[in-house]
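A.B. asks: Can you read through this structure? Questions will come right after.
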Amino acid sequence: MQTLASVAPISSLLETLEVGEPLSHGALTVIPLLAPREPEPDWLTLAEAGAAVTIGEVSAAGEVPALSVVNDADRPVLLLDGEELVGARQNRILNTTVLVAAHATLRIPVSCVEQDRWSYRGKRFDPGDASLFACARAKKAARVSASLRERGAHTSDQGEIWRDVARTLGERKVESPTGAMRDFYDRYAEDLAQARRALAPRPGQIGALVAVAGKWVGMDLLPSPGLFERAWPRLCAGYSAEGVGREERAPAPDPHAMLKGLVQTPATGAPAVGLGREYRLGGNAMVGAALVVEEQVAHLMVFPTRFND
């Protein structure tokens with residue numbers, strides 16, 4: 001069985017990582033993962049692409065689990081797993097990380113994070129400043145991997161995502177007429193801004209291992225310090241959401257042990273949506289996915305399987 005150790009670009013990158021000093025904010029602990037000499041890919045984030053990229057419904061009627069992306073930029077655009085898209089018939093999040101080629105049109109798999117709206121607010125989506133809550137991302141990653149094995153499609157459990165959003169809104173006493181994740185982020189904007197400042201990337205940082213109250217909740221790794229710095233504010237919001245209203249602190253898990261176990265995690269590869277090759281992780285301890293493009297790791301996301309503990 002193939003493991004991440006046999007995927008050369010991933011294993012090579014993991015071997016070069018250095019573990020930085022932990023950063024804390026409330027119940028959150030972020031352990032920076034450093035690789036300062038990694039080259040910068042010539043890719044744009046969605047926020048950077050601006051009007052050069054149009055994301056909209058696949059038709060006037062729309063389909064909940066799919067959107068259309070038109071990239072008129074001269075460079076590829078990286079859309080991150082869990083990244084929020086705001087507008088059109090209902091707000092969505094990406095079901096997997098996608099690198100959209102320059103001057104390409106692509107159909108992308110998404111999930112809804114606004115249960116009670118199916119009416120247009122503009123024809124296109126705007127990039128949000130956040131991502132799906134970390135524990136919900138973990139469950140989504142497992143469901144998408146199962147869907148790929150069983151049906152060959154990047155499909156989530158939509159009902160589960162709606163329940164996770166509703167639970168977070170209810171626990172944090174956030175009123176939302178349409179059951180929108182966005183209303184949580186608007187309500188706690190200042191709290192999340194404080195978290196972003198406290199957990200800002202360190203020089204040479206390309207990834208983060210994140211714990212809440214001493215329990216590991218996830219890891220995101222990008223190819224270079226510059227791209228990580230541009231993507232981290234949205235990823236950080238998804239992790240920080242797990243710590244809102246919590247102050248308990250505890251030592252983070254051993255990052256070296258986590259990285260050692262990661263390389264032994266089973267991984268199944270297949271052509272990605274868009275550019276590159278995608279590897280889905282399916283071990284007893286970890287779930288997630290990696291996107292590799294031209295021998296470069298575009299994104300590696302990893303979560304514990306016991307995301308409800």
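Every chain in the structure tokens takes a letter, A first, then B, and so on in the order presented; its residues are numbered from 1, and the ligands are numbered from 1 following the presented order.
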Can you tell me, as a PDB file with C-alpha atoms, in the first residue's frame, what residues are no more than 8 Å from Pro36 in chain A when counting only C-alpha atoms, ignoring any on the same chain fewer than 2 positions away?
C.D. replies:
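Result saved to around_20.pdb:
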```pdb
ATOM      1  CA  LEU A  34       9.555  26.309   8.584  1.00  0.00           C
ATOM      2  CA  GLU A  38      11.464  26.739  -0.731  1.00  0.00           C
ATOM      3  CA  PRO A 203       9.889  34.245   8.713  1.00  0.00           C
ATOM      4  CA  GLY A 204      10.309  31.140   6.592  1.00  0.00           C
ATOM      5  CA  GLN A 205       7.000  29.608   7.705  1.00  0.00           C
ATOM      6  CA  ILE A 206       5.239  27.401   5.152  1.00  0.00           C
ATOM      7  CA  SER A 224       6.516  28.503   0.152  1.00  0.00           C
ATOM      8  CA  PRO A 225       6.649  31.227   2.809  1.00  0.00           C
TER       9      PRO A 225
END
```
A.B. asks: Considering only C-alpha atoms, return as a list of chain:residue names whatever protein or nucleic-acid residues lie within 10 Å of Ile108 in chain A, sequence-local ones (same chain, fewer than 2 positions apart) excluded.
C.D. replies: A:Ile55, A:Val58, A:Pro65, A:Ala66, A:Leu67, A:Ser68, A:Val69, A:Leu79, A:Leu94, A:Asn95, A:Thr96, A:Thr97, A:Val98, A:Val100, A:Thr105, A:Leu106, A:Val110, A:His154, A:Val273, A:Gly274
A.B. asks: Identify, with DSSP run on backbone atoms, the residues in range 140-289 of chain A assigned to alpha helix (DSSP H), and express the list as a PyMOL selection string.
C.D. replies: chain A and resi 140-151+158-171+181-187+189-198+225-240+255-262
A.B. asks: For range 230-243 of chain A, find every residue with an atom within 6 Å (counting only C-alpha atoms), except residues of its own chain fewer than 5 positions away, and show them as a ChimeraX atom specification.
C.D. replies: /A:27,129-134
A.B. asks: List every residue of range 2-120 of chain A that DSSP, applied to the backbone of this structure, assigns to strand (DSSP E), and report them as a ChimeraX atom specification.
C.D. replies: /A:18-19,23-25,28-34,44-45,53-57,66-71,77-79,83-88,92-94,98-100,104-112
A.B. asks: Keeping only C-alpha atoms, write the selected residues as a PDB file, in the first residue's frame.
C.D. replies:
```
ATOM      1  CA  GLU A  18      12.034  22.710  10.831  1.00  0.00           C
ATOM      2  CA  VAL A  19       9.740  23.080  13.839  1.00  0.00           C
ATOM      3  CA  LEU A  23       2.605  30.581  19.357  1.00  0.00           C
ATOM      4  CA  SER A  24      -0.418  30.846  21.643  1.00  0.00           C
ATOM      5  CA  HIS A  25      -3.669  32.778  21.683  1.00  0.00           C
ATOM      6  CA  LEU A  28      -5.054  27.887  20.536  1.00  0.00           C
ATOM      7  CA  THR A  29      -1.470  26.825  20.006  1.00  0.00           C
ATOM      8  CA  VAL A  30       0.155  27.074  16.588  1.00  0.00           C
ATOM      9  CA  ILE A  31       3.454  25.330  15.916  1.00  0.00           C
ATOM     10  CA  PRO A  32       5.110  26.962  12.883  1.00  0.00           C
ATOM     11  CA  LEU A  33       6.593  24.642  10.268  1.00  0.00           C
ATOM     12  CA  LEU A  34       9.555  26.309   8.584  1.00  0.00           C
ATOM     13  CA  LEU A  44      -2.222  33.710  -7.408  1.00  0.00           C
ATOM     14  CA  THR A  45      -4.631  33.285  -4.532  1.00  0.00           C
ATOM     15  CA  VAL A  53     -11.287  35.239 -11.981  1.00  0.00           C
ATOM     16  CA  THR A  54     -15.053  34.764 -12.110  1.00  0.00           C
ATOM     17  CA  ILE A  55     -16.759  32.134  -9.974  1.00  0.00           C
ATOM     18  CA  GLY A  56     -20.474  31.590 -10.527  1.00  0.00           C
ATOM     19  CA  GLU A  57     -23.251  29.048 -10.573  1.00  0.00           C
ATOM     20  CA  ALA A  66     -20.768  22.506  -8.086  1.00  0.00           C
ATOM     21  CA  LEU A  67     -19.633  25.916  -9.312  1.00  0.00           C
ATOM     22  CA  SER A  68     -17.941  27.245 -12.450  1.00  0.00           C
ATOM     23  CA  VAL A  69     -14.565  29.033 -12.396  1.00  0.00           C
ATOM     24  CA  VAL A  70     -13.263  31.128 -15.282  1.00  0.00           C
ATOM     25  CA  ASN A  71      -9.630  32.166 -14.888  1.00  0.00           C
ATOM     26  CA  VAL A  77      -4.981  30.488  -9.314  1.00  0.00           C
ATOM     27  CA  LEU A  78      -4.934  28.398  -6.131  1.00  0.00           C
ATOM     28  CA  LEU A  79      -8.305  27.754  -4.450  1.00  0.00           C
ATOM     29  CA  GLU A  83     -12.147  28.430   1.454  1.00  0.00           C
ATOM     30  CA  GLU A  84     -15.376  30.451   1.647  1.00  0.00           C
ATOM     31  CA  LEU A  85     -17.068  31.835  -1.468  1.00  0.00           C
ATOM     32  CA  VAL A  86     -19.725  34.491  -0.779  1.00  0.00           C
ATOM     33  CA  GLY A  87     -22.667  35.414  -3.023  1.00  0.00           C
ATOM     34  CA  ALA A  88     -24.758  34.067  -5.931  1.00  0.00           C
ATOM     35  CA  ARG A  92     -20.200  27.782  -0.517  1.00  0.00           C
ATOM     36  CA  ILE A  93     -16.826  26.342   0.500  1.00  0.00           C
ATOM     37  CA  LEU A  94     -14.335  24.318  -1.584  1.00  0.00           C
ATOM     38  CA  VAL A  98      -7.777  23.195  -6.797  1.00  0.00           C
ATOM     39  CA  LEU A  99      -5.125  24.869  -8.946  1.00  0.00           C
ATOM     40  CA  VAL A 100      -6.921  26.458 -11.916  1.00  0.00           C
ATOM     41  CA  ALA A 104      -9.039  28.023 -18.167  1.00  0.00           C
ATOM     42  CA  THR A 105     -12.650  27.266 -17.298  1.00  0.00           C
ATOM     43  CA  LEU A 106     -13.282  24.594 -14.675  1.00  0.00           C
ATOM     44  CA  ARG A 107     -16.124  22.994 -12.753  1.00  0.00           C
ATOM     45  CA  ILE A 108     -15.253  22.748  -9.038  1.00  0.00           C
ATOM     46  CA  PRO A 109     -16.794  20.678  -6.207  1.00  0.00           C
ATOM     47  CA  VAL A 110     -18.240  22.684  -3.314  1.00  0.00           C
ATOM     48  CA  SER A 111     -20.537  22.471  -0.295  1.00  0.00           C
ATOM     49  CA  CYS A 112     -23.119  24.930   0.985  1.00  0.00           C
TER      50      CYS A 112
END
```
A.B. asks: By how many Å are CA of Glu247 in chain A and CA of Gly214 in chain A apart?
C.D. replies: 11.4 Å
A.B. asks: Please, what distance in Å, to one decimal, runs between CA of Val302 in chain A and CA of Trp216 in chain A?
C.D. replies: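 Computed distance, CA of Val302 in chain A to CA of Trp216 in chain A, equals 10.3 Å.
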A.B. asks: Report, in Å to a single decimal, how far apart CA of Val165 in chain A and CA of Thr305 in chain A are.
C.D. replies: 19.3 Å
A.B. asks: Find, counting only C-alpha atoms, the residue in A:Arg75, A:Lys140, A:Val113, A:Ala285 that gets nearest to Phe184 in chain A.
C.D. replies: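 Checking each candidate against Phe184 in chain A, we get A:Val113 as the closest.
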A.B. asks: Quick one: of A:Pro266, A:Gly62, A:Pro201, A:Pro22, who's nearest to Lys123 in chain A, counting only C-alpha atoms?
C.D. replies: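 The closest residue to Lys123 in chain A is A:Gly62.
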A.B. asks: For Met1 in chain A, work out the shell of residues within 10 Å, counting only C-alpha atoms and skipping chain neighbours fewer than 6 positions away, then give it as a PDB file with N, CA and C atoms, in the first residue's frame.
C.D. replies:
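The resulting file, part28.pdb, is reproduced below:
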```pdb
ATOM      1  N   THR A 265       1.319   7.400   6.647  1.00  0.00           N
ATOM      2  CA  THR A 265      -0.123   7.356   6.393  1.00  0.00           C
ATOM      3  C   THR A 265      -0.410   6.890   4.970  1.00  0.00           C
ATOM      4  N   PRO A 266      -1.317   5.926   4.785  1.00  0.00           N
ATOM      5  CA  PRO A 266      -1.681   5.485   3.435  1.00  0.00           C
ATOM      6  C   PRO A 266      -2.241   6.634   2.609  1.00  0.00           C
ATOM      7  N   ALA A 267      -1.905   6.638   1.313  1.00  0.00           N
ATOM      8  CA  ALA A 267      -2.352   7.703   0.420  1.00  0.00           C
ATOM      9  C   ALA A 267      -2.680   7.117  -0.942  1.00  0.00           C
ATOM     10  N   THR A 268      -3.811   7.543  -1.499  1.00  0.00           N
ATOM     11  CA  THR A 268      -4.255   7.087  -2.814  1.00  0.00           C
ATOM     12  C   THR A 268      -4.218   8.256  -3.786  1.00  0.00           C
TER      13      THR A 268
END
```
A.B. asks: Which residues are close to Val292 in chain A, i.e. within 12 Å by only C-alpha atoms, leaving aside same-chain residues fewer than 3 positions away? Reply as a count of residues only.
C.D. replies: 32
A.B. asks: Do you know which residues are at most 10 Å from Lys260 in chain A counting only C-alpha atoms, after dropping those on the same chain fewer than 6 positions away, and could you put them as a PyMOL selection string?
C.D. replies: chain A and resi 5+14-15
A.B. asks: For Gly226 in chain A, which residue among A:Gly152, A:Tyr120, A:Val212, A:Gly207 is the nearest when counting only C-alpha atoms?
C.D. replies: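 Answer, going by the shortest atom-to-atom distance: A:Gly207.
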A.B. asks: Please list as an MDAnalysis selection string every residue within 12 Å of Lys139 in chain A, counting only C-alpha atoms and excluding residues in the same chain fewer than 3 positions away.
C.D. replies: chainID A and resid 82 95 132:136 142:146 156:161 163:164 217:218 286:288 302:308
A.B. asks: Just checking: using only C-alpha atoms, which residue out of A:Asp126, A:Asp72, A:Glu21, A:Asp183 ends up closest to Leu199 in chain A?
C.D. replies: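 The shortest atom-to-atom distance to Leu199 in chain A comes from A:Glu21.
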